[in-house]
>>> print(open('final_6.cif').read())   # mmCIF, C-alpha atoms and all ligand atoms
data_target
#
loop_
_atom_site.group_PDB
_atom_site.id
_atom_site.type_symbol
_atom_site.label_atom_id
_atom_site.label_comp_id
_atom_site.auth_asym_id
_atom_site.auth_seq_id
_atom_site.Cartn_x
_atom_site.Cartn_y
_atom_site.Cartn_z
ATOM 1 C CA MET A 1 -74.089 33.190 96.931
ATOM 2 C CA PRO A 2 -72.080 31.392 99.560
ATOM 3 C CA GLN A 3 -74.016 31.116 102.658
ATOM 4 C CA SER A 4 -72.089 31.458 105.763
ATOM 5 C CA SER A 5 -73.378 28.432 107.481
ATOM 6 C CA ARG A 6 -72.211 28.595 110.955
ATOM 7 C CA THR A 7 -71.950 25.122 112.218
ATOM 8 C CA ALA A 8 -72.812 26.373 115.570
ATOM 9 C CA ARG A 9 -71.836 23.592 117.812
ATOM 10 C CA LYS A 10 -71.577 25.535 120.926
ATOM 11 C CA ALA A 11 -71.203 22.979 123.555
ATOM 12 C CA GLU A 12 -71.675 25.174 126.499
ATOM 13 C CA PRO A 13 -69.712 23.940 129.433
ATOM 14 C CA LYS A 14 -71.863 23.449 132.410
ATOM 15 C CA ALA A 15 -69.619 25.353 134.719
ATOM 16 C CA GLY A 16 -69.264 28.853 133.444
ATOM 17 C CA ARG A 17 -66.439 29.567 135.794
ATOM 18 C CA ILE A 18 -64.053 27.213 134.070
ATOM 19 C CA GLN A 19 -63.099 29.739 131.473
ATOM 20 C CA GLY A 20 -60.178 31.847 132.484
ATOM 21 C CA ALA A 21 -59.733 30.029 135.731
ATOM 22 C CA PRO A 22 -56.593 28.079 136.415
ATOM 23 C CA LEU A 23 -57.047 24.497 135.384
ATOM 24 C CA PHE A 24 -56.739 23.179 138.843
ATOM 25 C CA CYS A 25 -57.475 19.484 138.964
ATOM 26 C CA LEU A 26 -59.723 19.554 135.976
ATOM 27 C CA GLY A 27 -57.700 17.466 133.588
ATOM 28 C CA LEU A 28 -57.024 14.211 135.249
ATOM 29 C CA LEU A 29 -54.054 13.436 133.105
ATOM 30 C CA VAL A 30 -52.836 16.965 132.930
ATOM 31 C CA SER A 31 -52.309 17.917 136.457
ATOM 32 C CA ILE A 32 -53.464 17.609 139.964
ATOM 33 C CA ALA A 33 -52.167 21.023 140.622
ATOM 34 C CA ALA A 34 -53.721 23.245 143.201
ATOM 35 C CA CYS A 35 -55.868 20.591 144.755
ATOM 36 C CA GLU A 36 -56.146 22.590 147.852
ATOM 37 C CA ALA A 37 -58.330 25.238 149.243
ATOM 38 C CA LEU A 38 -57.786 27.367 152.255
ATOM 39 C CA ALA A 39 -61.281 28.517 152.790
ATOM 40 C CA PRO A 40 -62.894 29.472 156.060
ATOM 41 C CA SER A 41 -65.522 26.831 155.546
ATOM 42 C CA ALA A 42 -65.316 25.026 152.253
ATOM 43 C CA PRO A 43 -68.556 23.190 151.606
ATOM 44 C CA LEU A 44 -68.257 19.464 151.131
ATOM 45 C CA PRO A 45 -68.922 18.098 147.670
ATOM 46 C CA GLU A 46 -72.279 16.509 147.122
ATOM 47 C CA ASN A 47 -72.504 12.997 148.523
ATOM 48 C CA ALA A 48 -69.219 13.268 150.376
ATOM 49 C CA GLN A 49 -69.126 10.785 153.213
ATOM 50 C CA LEU A 50 -66.935 10.769 156.243
ATOM 51 C CA MET A 51 -64.833 7.623 156.421
ATOM 52 C CA SER A 52 -62.102 6.155 158.517
ATOM 53 C CA ALA A 53 -58.828 5.939 156.673
ATOM 54 C CA PRO A 54 -58.202 2.468 155.217
ATOM 55 C CA PRO A 55 -55.173 0.679 156.732
ATOM 56 C CA GLN A 56 -53.332 1.164 153.460
ATOM 57 C CA PHE A 57 -53.336 4.888 154.077
ATOM 58 C CA MET A 58 -51.060 4.561 157.080
ATOM 59 C CA GLU A 59 -48.377 2.985 154.949
ATOM 60 C CA TRP A 60 -48.793 5.702 152.362
ATOM 61 C CA TRP A 61 -48.641 8.357 155.052
ATOM 62 C CA GLN A 62 -45.342 6.950 156.291
ATOM 63 C CA LYS A 63 -43.927 6.839 152.791
ATOM 64 C CA THR A 64 -44.929 10.442 152.305
ATOM 65 C CA GLU A 65 -43.326 11.431 155.576
ATOM 66 C CA GLU A 66 -40.152 9.683 154.538
ATOM 67 C CA CYS A 67 -39.815 11.258 151.122
ATOM 68 C CA SER A 68 -40.677 14.725 152.359
ATOM 69 C CA GLY A 69 -38.800 14.630 155.639
ATOM 70 C CA LEU A 70 -41.899 16.097 157.254
ATOM 71 C CA ARG A 71 -43.871 14.725 160.147
ATOM 72 C CA GLY A 72 -47.538 14.989 160.828
ATOM 73 C CA ASP A 73 -50.361 13.350 162.674
ATOM 74 C CA PRO A 74 -52.743 11.625 160.282
ATOM 75 C CA SER A 75 -55.331 11.183 163.012
ATOM 76 C CA GLN A 76 -55.957 14.927 162.763
ATOM 77 C CA ILE A 77 -57.296 14.496 159.246
ATOM 78 C CA GLU A 78 -60.944 14.032 158.455
ATOM 79 C CA TRP A 79 -61.227 11.758 155.476
ATOM 80 C CA TYR A 80 -64.122 11.970 153.071
ATOM 81 C CA VAL A 81 -64.973 9.941 150.019
ATOM 82 C CA VAL A 82 -67.383 10.714 147.242
ATOM 83 C CA PRO A 83 -68.403 7.182 146.307
ATOM 84 C CA ASN A 84 -68.469 5.853 142.775
ATOM 85 C CA VAL A 85 -67.155 8.912 141.003
ATOM 86 C CA SER A 86 -63.921 9.751 139.228
ATOM 87 C CA VAL A 87 -64.181 13.456 139.879
ATOM 88 C CA PHE A 88 -66.235 15.684 142.072
ATOM 89 C CA SER A 89 -67.204 19.277 141.597
ATOM 90 C CA THR A 90 -65.857 22.088 143.666
ATOM 91 C CA GLY A 91 -65.836 25.824 143.348
ATOM 92 C CA ASP A 92 -62.526 25.450 141.538
ATOM 93 C CA GLY A 93 -63.623 22.818 139.064
ATOM 94 C CA GLU A 94 -63.596 19.078 139.049
ATOM 95 C CA LYS A 95 -61.093 17.262 141.187
ATOM 96 C CA VAL A 96 -59.968 13.756 142.009
ATOM 97 C CA GLY A 97 -58.741 14.784 145.421
ATOM 98 C CA LEU A 98 -58.871 17.826 147.614
ATOM 99 C CA TRP A 99 -57.079 18.947 150.724
ATOM 100 C CA THR A 100 -58.629 21.702 152.738
ATOM 101 C CA ARG A 101 -57.689 23.365 155.951
ATOM 102 C CA SER A 102 -60.033 25.682 157.706
ATOM 103 C CA SER A 103 -61.302 26.589 161.095
ATOM 104 C CA GLU A 104 -63.151 23.296 160.929
ATOM 105 C CA GLY A 105 -59.933 21.360 160.650
ATOM 106 C CA THR A 106 -58.049 19.470 157.996
ATOM 107 C CA ARG A 107 -59.940 17.446 155.441
ATOM 108 C CA ILE A 108 -58.941 15.258 152.576
ATOM 109 C CA ILE A 109 -61.683 14.452 150.137
ATOM 110 C CA LEU A 110 -61.214 11.754 147.531
ATOM 111 C CA ALA A 111 -63.153 10.655 144.501
ATOM 112 C CA GLY A 112 -64.167 7.087 145.242
ATOM 113 C CA ASN A 113 -62.588 5.686 142.114
ATOM 114 C CA TYR A 114 -59.215 7.058 143.194
ATOM 115 C CA MET A 115 -59.241 5.904 146.767
ATOM 116 C CA GLN A 116 -56.863 3.096 145.865
ATOM 117 C CA ASN A 117 -54.653 5.340 143.804
ATOM 118 C CA GLU A 118 -51.428 5.862 145.679
ATOM 119 C CA LEU A 119 -50.464 8.940 143.725
ATOM 120 C CA VAL A 120 -53.744 10.749 144.313
ATOM 121 C CA VAL A 121 -53.943 9.874 147.983
ATOM 122 C CA ARG A 122 -50.328 10.645 148.766
ATOM 123 C CA HIS A 123 -50.476 13.889 146.799
ATOM 124 C CA GLU A 124 -53.177 15.083 149.178
ATOM 125 C CA MET A 125 -51.229 13.740 152.136
ATOM 126 C CA LEU A 126 -48.260 15.820 151.118
ATOM 127 C CA HIS A 127 -50.464 18.895 151.119
ATOM 128 C CA ALA A 128 -51.477 18.011 154.652
ATOM 129 C CA LEU A 129 -47.864 17.532 155.733
ATOM 130 C CA LEU A 130 -46.786 20.811 154.184
ATOM 131 C CA ASP A 131 -49.866 22.463 155.621
ATOM 132 C CA HIS A 132 -49.898 25.331 153.225
ATOM 133 C CA GLU A 133 -51.079 26.178 149.774
ATOM 134 C CA GLY A 134 -49.272 25.443 146.598
ATOM 135 C CA HIS A 135 -47.056 22.794 145.078
ATOM 136 C CA PRO A 136 -43.452 23.534 145.947
ATOM 137 C CA ARG A 137 -41.361 21.795 143.356
ATOM 138 C CA GLU A 138 -38.880 20.602 145.927
ATOM 139 C CA TYR A 139 -41.476 18.480 147.663
ATOM 140 C CA PHE A 140 -43.995 17.518 145.025
ATOM 141 C CA ILE A 141 -41.512 16.719 142.283
ATOM 142 C CA GLU A 142 -37.960 16.417 143.482
ATOM 143 C CA ARG A 143 -38.422 14.723 146.814
ATOM 144 C CA CYS A 144 -41.600 12.727 146.402
ATOM 145 C CA GLY A 145 -42.590 12.620 142.740
ATOM 146 C CA LEU A 146 -46.215 13.161 143.619
ATOM 147 C CA THR A 147 -47.470 14.729 140.419
ATOM 148 C CA TRP A 148 -48.803 12.956 137.362
ATOM 149 C CA ASP A 149 -45.655 13.760 135.428
ATOM 150 C CA SER A 150 -43.125 12.955 138.095
ATOM 151 C CA TRP A 151 -44.831 9.880 139.505
ATOM 152 C CA HIS A 152 -42.909 6.670 139.059
ATOM 153 C CA GLY A 153 -45.048 4.106 140.756
ATOM 154 C CA GLY A 154 -44.284 4.773 144.376
ATOM 155 C CA THR A 155 -40.866 3.203 144.270
HETATM 156 ZN ZN ZN B 1 -52.359 19.417 144.857
#
>>> encode(input="final_6.cif", output="structure tokens", more="lines below")
Ligand SMILES: [Zn+2]
Amino acid sequence: MPQSSRTARKAEPKAGRIQGAPLFCLGLLVSIAACEALAPSAPLPENAQLMSAPPQFMEWWQKTEECSGLRGDPSQIEWYVVPNVSVFSTGDGEKVGLWTRSSEGTRIILAGNYMQNELVVRHEMLHALLDHEGHPREYFIERCGLTWDSWHGGT
């Protein structure tokens, strides 16, 4: 009698909300789509620390202004880093970077291990320059190449 041995290897994902939800920034190599949240008061990820933008960021901001044709004031952004992590958890899953705009202002939160990553940082900067939700193809792909697939090294 064949026994139906269920090799029950149910690795329950920790975050039950992942299922059915759009795969926002979950897969690092898949997409950094929808890294934004327009919440009234999005809570900061655990261990997030306010920081002053490294000098490198000003160059990246200018490059992002140039490719997009948009202008913005980077001093209006509150920068946060979650030190020593590659992703941080949010209500929308794990992310490497996050732009939020709320009544509390504009924030960009970065996973510490990606603070030197031009693509990740400038992707969030482009959100800030556009100042609205979503990833319009014209800007993120055609003009600036600021997605994992369209990125070509910042040249
Ligand atoms: Zn994004």
>>> resolve_selection(input="final_6.cif", expression="the PyMOL selection byres (((chain A and resi 65-68) around 8) and not hetatm)", output="list of chain:residue names")
A:Trp61, A:Gln62, A:Lys63, A:Thr64, A:Gly69, A:Leu70, A:Arg71, A:Gly72, A:Leu126, A:Leu129, A:Tyr139, A:Arg143, A:Cys144
>>> residues_around(input="final_6.cif", residues="segment 48-59 of chain A", least_positions_apart="3", cutoff="6 Å", atoms="only C-alpha atoms", output="ChimeraX atom specification")
/A:45,62,79-82
>>> closest_residue(input="final_6.cif", among="A:Gly112, A:Gly153, A:Gly145, A:Gly97", to="ligand ZN 1 (chain B)", atoms="all atoms listed in the file")
A:Gly97
>>> closest_residue(input="final_6.cif", among="A:Leu146, A:Val121, A:Val87, A:Met115", to="Trp99 of chain A", atoms="only C-alpha atoms")
A:Val121
>>> resolve_selection(input="final_6.cif", expression="the PyMOL selection byres (((chain A and resi 113) around 8) and not hetatm)", output="list of chain:residue names")
A:Pro83, A:Asn84, A:Val85, A:Ser86, A:Ala111, A:Gly112, A:Tyr114, A:Met115, A:Gln116
>>> closest_residue(input="final_6.cif", among="A:Asp149, A:Glu118, A:Asp73, A:Asp131", to="Arg101 of chain A", atoms="all atoms listed in the file")
A:Asp131
>>> closest_residue(input="final_6.cif", among="A:Pro74, A:Gly105, A:Gly154, A:Gly91", to="Met125 of chain A", atoms="all atoms listed in the file")
A:Pro74
>>> atom_distance(input="final_6.cif", atom1="atom CA of His127 of chain A", atom2="atom CA of Arg107 of chain A")
10.5 Å
>>> closest_residue(input="final_6.cif", among="A:Glu124, A:Glu46, A:Ser103, A:Asp92", to="ligand ZN 1 (chain B)", atoms="only C-alpha atoms and all ligand atoms")
A:Glu124
>>> build_atoms(input="final_6.cif", residues="segment 63-96 of chain A", atoms="N, CA and C atoms", output="compact mmCIF listing (two decimals), in the coordinates of the input")
# COMPACT_ATOMS: atom_id res chain seq x y z
N LYS A 63 -44.77 6.63 153.97
CA LYS A 63 -43.93 6.84 152.79
C LYS A 63 -43.82 8.32 152.45
N THR A 64 -44.92 9.02 152.64
CA THR A 64 -44.93 10.44 152.30
C THR A 64 -44.13 11.23 153.33
N GLU A 65 -44.19 10.81 154.57
CA GLU A 65 -43.33 11.43 155.58
C GLU A 65 -41.86 11.20 155.24
N GLU A 66 -41.55 10.00 154.82
CA GLU A 66 -40.15 9.68 154.54
C GLU A 66 -39.60 10.49 153.37
N CYS A 67 -40.37 10.55 152.28
CA CYS A 67 -39.82 11.26 151.12
C CYS A 67 -39.72 12.76 151.38
N SER A 68 -40.65 13.28 152.16
CA SER A 68 -40.68 14.72 152.36
C SER A 68 -39.79 15.16 153.52
N GLY A 69 -39.52 14.24 154.44
CA GLY A 69 -38.80 14.63 155.64
C GLY A 69 -39.67 15.39 156.62
N LEU A 70 -40.97 15.39 156.37
CA LEU A 70 -41.90 16.10 157.25
C LEU A 70 -42.61 15.09 158.14
N ARG A 71 -43.12 15.59 159.24
CA ARG A 71 -43.87 14.72 160.15
C ARG A 71 -45.22 15.35 160.44
N GLY A 72 -46.21 14.50 160.52
CA GLY A 72 -47.54 14.99 160.83
C GLY A 72 -48.36 13.90 161.47
N ASP A 73 -49.49 14.29 161.98
CA ASP A 73 -50.36 13.35 162.67
C ASP A 73 -51.59 13.07 161.81
N PRO A 74 -51.62 11.91 161.20
CA PRO A 74 -52.74 11.62 160.28
C PRO A 74 -54.08 11.51 161.00
N SER A 75 -54.05 11.31 162.32
CA SER A 75 -55.33 11.18 163.01
C SER A 75 -56.05 12.53 163.09
N GLN A 76 -55.33 13.61 162.77
CA GLN A 76 -55.96 14.93 162.76
C GLN A 76 -56.76 15.18 161.49
N ILE A 77 -56.64 14.27 160.54
CA ILE A 77 -57.30 14.50 159.25
C ILE A 77 -58.68 13.86 159.23
N GLU A 78 -59.63 14.60 158.72
CA GLU A 78 -60.94 14.03 158.46
C GLU A 78 -60.96 13.59 157.00
N TRP A 79 -61.22 12.32 156.83
CA TRP A 79 -61.23 11.76 155.48
C TRP A 79 -62.65 11.67 154.95
N TYR A 80 -62.82 12.09 153.71
CA TYR A 80 -64.12 11.97 153.07
C TYR A 80 -63.95 11.29 151.73
N VAL A 81 -64.97 10.54 151.35
CA VAL A 81 -64.97 9.94 150.02
C VAL A 81 -66.29 10.31 149.34
N VAL A 82 -66.18 10.55 148.05
CA VAL A 82 -67.38 10.71 147.24
C VAL A 82 -67.51 9.41 146.45
N PRO A 83 -68.40 8.54 146.87
CA PRO A 83 -68.40 7.18 146.31
C PRO A 83 -68.74 7.15 144.82
N ASN A 84 -68.10 6.20 144.15
CA ASN A 84 -68.47 5.85 142.78
C ASN A 84 -68.35 6.99 141.77
N VAL A 85 -67.40 7.86 141.99
CA VAL A 85 -67.16 8.91 141.00
C VAL A 85 -65.66 8.99 140.73
N SER A 86 -65.33 9.52 139.56
CA SER A 86 -63.92 9.75 139.23
C SER A 86 -63.49 11.17 139.51
N VAL A 87 -64.45 12.07 139.50
CA VAL A 87 -64.18 13.46 139.88
C VAL A 87 -65.38 13.97 140.66
N PHE A 88 -65.12 15.01 141.42
CA PHE A 88 -66.24 15.68 142.07
C PHE A 88 -66.08 17.17 141.85
N SER A 89 -67.19 17.85 141.90
CA SER A 89 -67.20 19.28 141.60
C SER A 89 -66.90 20.10 142.83
N THR A 90 -66.11 21.12 142.61
CA THR A 90 -65.86 22.09 143.67
C THR A 90 -65.95 23.47 143.04
N GLY A 91 -65.82 24.46 143.85
CA GLY A 91 -65.84 25.82 143.35
C GLY A 91 -64.69 26.11 142.39
N ASP A 92 -63.67 25.26 142.41
CA ASP A 92 -62.53 25.45 141.54
C ASP A 92 -62.49 24.44 140.40
N GLY A 93 -63.59 23.79 140.16
CA GLY A 93 -63.62 22.82 139.06
C GLY A 93 -63.67 21.40 139.59
N GLU A 94 -63.50 20.48 138.67
CA GLU A 94 -63.60 19.08 139.05
C GLU A 94 -62.26 18.57 139.56
N LYS A 95 -62.32 17.74 140.57
CA LYS A 95 -61.09 17.26 141.19
C LYS A 95 -61.19 15.77 141.50
N VAL A 96 -60.03 15.16 141.58
CA VAL A 96 -59.97 13.76 142.01
C VAL A 96 -59.67 13.68 143.50
